[in-house]
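Here is the structure we will look at.
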Amino acid sequence: MQQDKVQIGRAALWMTGAIASFSSMAIAGRELSAVHDTFEIMMYRSFVGILIVSLVLTATNKWAQVSTRNLGLHALRNAVHFTGQNLWFYAVTAIPLAQVFALEFTQPLWVIVLSPLLLGERMTPVRVIAAIIGFIGILIVARPGTTPISLGVATAAASAIFFALTTISTKRLTQTASIGCIMFWLTVMQAVLGLVASGFDGQITLPSMQTAPYLILVGLAGLLAHFCITNALAIAPATVVVPIDFVRLPTIAVLGMLIYHEPLDLWVFVGAFVILAGNYLNIYTETVRILPERNTSPTQPM
């Protein structure tokens with residue numbers, strides 16, 4: 001029991017880092033929007049990522065893990081993620097930050113919906129119920145009919161779909177590629193995509209003394225957030241990590257209020273809680289289903 005409490009405490013510390021990283025990336029993205037478009041933000045973020053990933057691969061002597069196997073799937077994954085991340089960066093400039101984060105929480109629900117089509121996974125009754133609950137939460141957050149659906153709301157919701165596609169393609173890639181390999185091609189390919197998209201109009205805004213720290217912060221925060229979540233999930237079950245991750249919403253809501261004078265919208269919190277309930281139902285059910293299988297599996301000889 002004491003060991004479980006220690007592990008939960010460690011997971012909470014890792015998730016604190018993830019929450020701080022996601023929040024700082026959203027604020028930095030909004031600050032950068034006055035000077036750089038989303039393509040430029042993604043390009044410079046990827047340059048920072050290339051440097052960090054290269055240093056890590058060198059320090060750990062794991063360059064041998066980087067291969068060109070399944071390069072097409074890498075390209076597809078990174079094109080999808082590039083699209084989703086650009087939509088997300090646009091959304092943080094167009095609507096309240098809390099609303100962006102609330103809609104982003106629908107990503108696991110889109111994974112539930114899309115996995116049977118793309119991975120051949122079985123759609124169970126519980127997964128259907130979880131998805132329906134989550135989409136009710138989307139309606140509460142967006143409230144169609146009471147307020148016009150803005151472009152910011154649409155892009156935030158769409159980014160969650162593209163992030164779900166990223167998750168699905170990553171799941172397939174992890175069968176043949178290491179995390180280091182995936183991260184290397186992520187940063188390199190998205191740097192190329194960002195460079196092409198940024199230079200399409202013949203003009204690329206160079207970093208200034210004012211924007212360079214924010215661009216570096218975006219690059220660091222993006223990698224650090226996923227590193228923290230990975231470590232949290234490694235030491236605590238998803239049923240513990242997901243509710244902690246939900247703290248992101250009130251955190252960014254308070255920051256949005258203090259920094260940008262954004263109002264605290266009760267319906268955003270209600271909708272986000274409903275979305276969390278749908279996610280948690282699916283995670284809890286999957287955990288209960290998997291545990292008996294592990295407990296009844298034959299013991300391997302030592």
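By order of appearance in the structure tokens: chains A, B, ..., then residues from 1 within every chain, and ligands from 1 in the order shown.
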
Who sits within 8 Å of A:Leu103, only C-alpha atoms, same chain under 3 positions skipped, as a PyMOL selection string:
chain A and resi 99-100+106+138+141+156-157+160+272

N, CA and C atoms of the current selection, written as a PDB file, in the first residue's frame:
```pdb
ATOM      1  N   GLN A  99     -11.092  26.379 -23.398  1.00  0.00           N
ATOM      2  CA  GLN A  99     -11.935  25.723 -24.396  1.00  0.00           C
ATOM      3  C   GLN A  99     -11.093  24.846 -25.316  1.00  0.00           C
ATOM      4  N   VAL A 100      -9.907  25.312 -25.669  1.00  0.00           N
ATOM      5  CA  VAL A 100      -8.996  24.515 -26.499  1.00  0.00           C
ATOM      6  C   VAL A 100      -8.634  23.216 -25.788  1.00  0.00           C
ATOM      7  N   THR A 106     -10.801  15.261 -26.118  1.00  0.00           N
ATOM      8  CA  THR A 106     -11.598  14.285 -26.877  1.00  0.00           C
ATOM      9  C   THR A 106     -10.734  13.354 -27.722  1.00  0.00           C
ATOM     10  N   ILE A 138     -18.647  17.242 -25.838  1.00  0.00           N
ATOM     11  CA  ILE A 138     -18.283  18.179 -26.903  1.00  0.00           C
ATOM     12  C   ILE A 138     -19.420  19.172 -27.151  1.00  0.00           C
ATOM     13  N   VAL A 141     -19.498  21.768 -24.450  1.00  0.00           N
ATOM     14  CA  VAL A 141     -18.432  22.762 -24.588  1.00  0.00           C
ATOM     15  C   VAL A 141     -18.723  23.728 -25.733  1.00  0.00           C
ATOM     16  N   ALA A 156      -9.951  23.593 -33.051  1.00  0.00           N
ATOM     17  CA  ALA A 156      -9.587  22.872 -31.823  1.00  0.00           C
ATOM     18  C   ALA A 156     -10.155  21.460 -31.851  1.00  0.00           C
ATOM     19  N   ALA A 157     -11.417  21.324 -32.275  1.00  0.00           N
ATOM     20  CA  ALA A 157     -12.040  20.003 -32.362  1.00  0.00           C
ATOM     21  C   ALA A 157     -11.354  19.151 -33.429  1.00  0.00           C
ATOM     22  N   ALA A 160      -8.010  17.570 -32.404  1.00  0.00           N
ATOM     23  CA  ALA A 160      -8.131  16.343 -31.603  1.00  0.00           C
ATOM     24  C   ALA A 160      -8.253  15.117 -32.504  1.00  0.00           C
ATOM     25  N   ALA A 272     -16.098  19.473 -20.161  1.00  0.00           N
ATOM     26  CA  ALA A 272     -14.817  18.783 -20.026  1.00  0.00           C
ATOM     27  C   ALA A 272     -14.925  17.630 -19.028  1.00  0.00           C
TER      28      ALA A 272
END
```

Excluding A:Val35 and its own-chain neighbours fewer than 5 positions away, which residues fall within 10 Å of it when counting only C-alpha atoms? Please give them as a VMD selection string.
chain A and resid 30 40 to 41 205 to 208 210 to 211

How would the residues just chosen look if you wrote them out with C-alpha atoms as an mmCIF file, in the first residue's frame?
```cif
data_model
loop_
_atom_site.group_PDB
_atom_site.id
_atom_site.type_symbol
_atom_site.label_atom_id
_atom_site.label_comp_id
_atom_site.auth_asym_id
_atom_site.auth_seq_id
_atom_site.Cartn_x
_atom_site.Cartn_y
_atom_site.Cartn_z
ATOM 1 C CA ARG A 30 -0.334 32.728 -28.389
ATOM 2 C CA GLU A 40 6.823 29.126 -38.783
ATOM 3 C CA ILE A 41 6.172 28.157 -35.171
ATOM 4 C CA THR A 205 9.945 35.761 -40.514
ATOM 5 C CA LEU A 206 13.223 35.275 -38.688
ATOM 6 C CA PRO A 207 13.307 35.005 -34.887
ATOM 7 C CA SER A 208 13.958 38.188 -32.947
ATOM 8 C CA GLN A 210 11.619 38.916 -28.331
ATOM 9 C CA THR A 211 10.354 35.780 -30.087
#
```

Could you give me the residues within stretch 12-216 of chain A that DSSP places in helix (DSSP H, G or I), as a ChimeraX atom specification?
/A:12-32,38-59,63-65,71-94,97-104,107-118,125-142,151-173,179-201,212-216

Rank A:Thr239, A:Ser21, A:Thr174, A:Thr167 by their smallest atom-to-atom distance to A:Trp110, using only C-alpha atoms, and report the top residue only.
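Distance minimum relative to A:Trp110 lands on A:Thr167.
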
Using only C-alpha atoms, which residues sit within 7 Å of stretch 274-286 of chain A once same-chain residues fewer than 3 positions away are excluded, as a list in words?
Phe105, Thr106, Pro108, Leu109, Val126, Arg127, Ala130, Ala131, Ile133, Gly134, Gly137, Ala238, Thr239, Val270, Gly271, Arg289 and Ile290 of chain A

Report, in Å to a single decimal, how far apart atom CA of A:Leu255 and atom CA of A:Tyr44 are.
24.8 Å

So, with only C-alpha atoms as the atoms that count, which of A:Ala221, A:Ala28, A:Ala12, A:Ala79 lies closest to A:Gly194?
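Of A:Ala221, A:Ala28, A:Ala12, A:Ala79, the one nearest A:Gly194, counting only C-alpha atoms, is A:Ala79.
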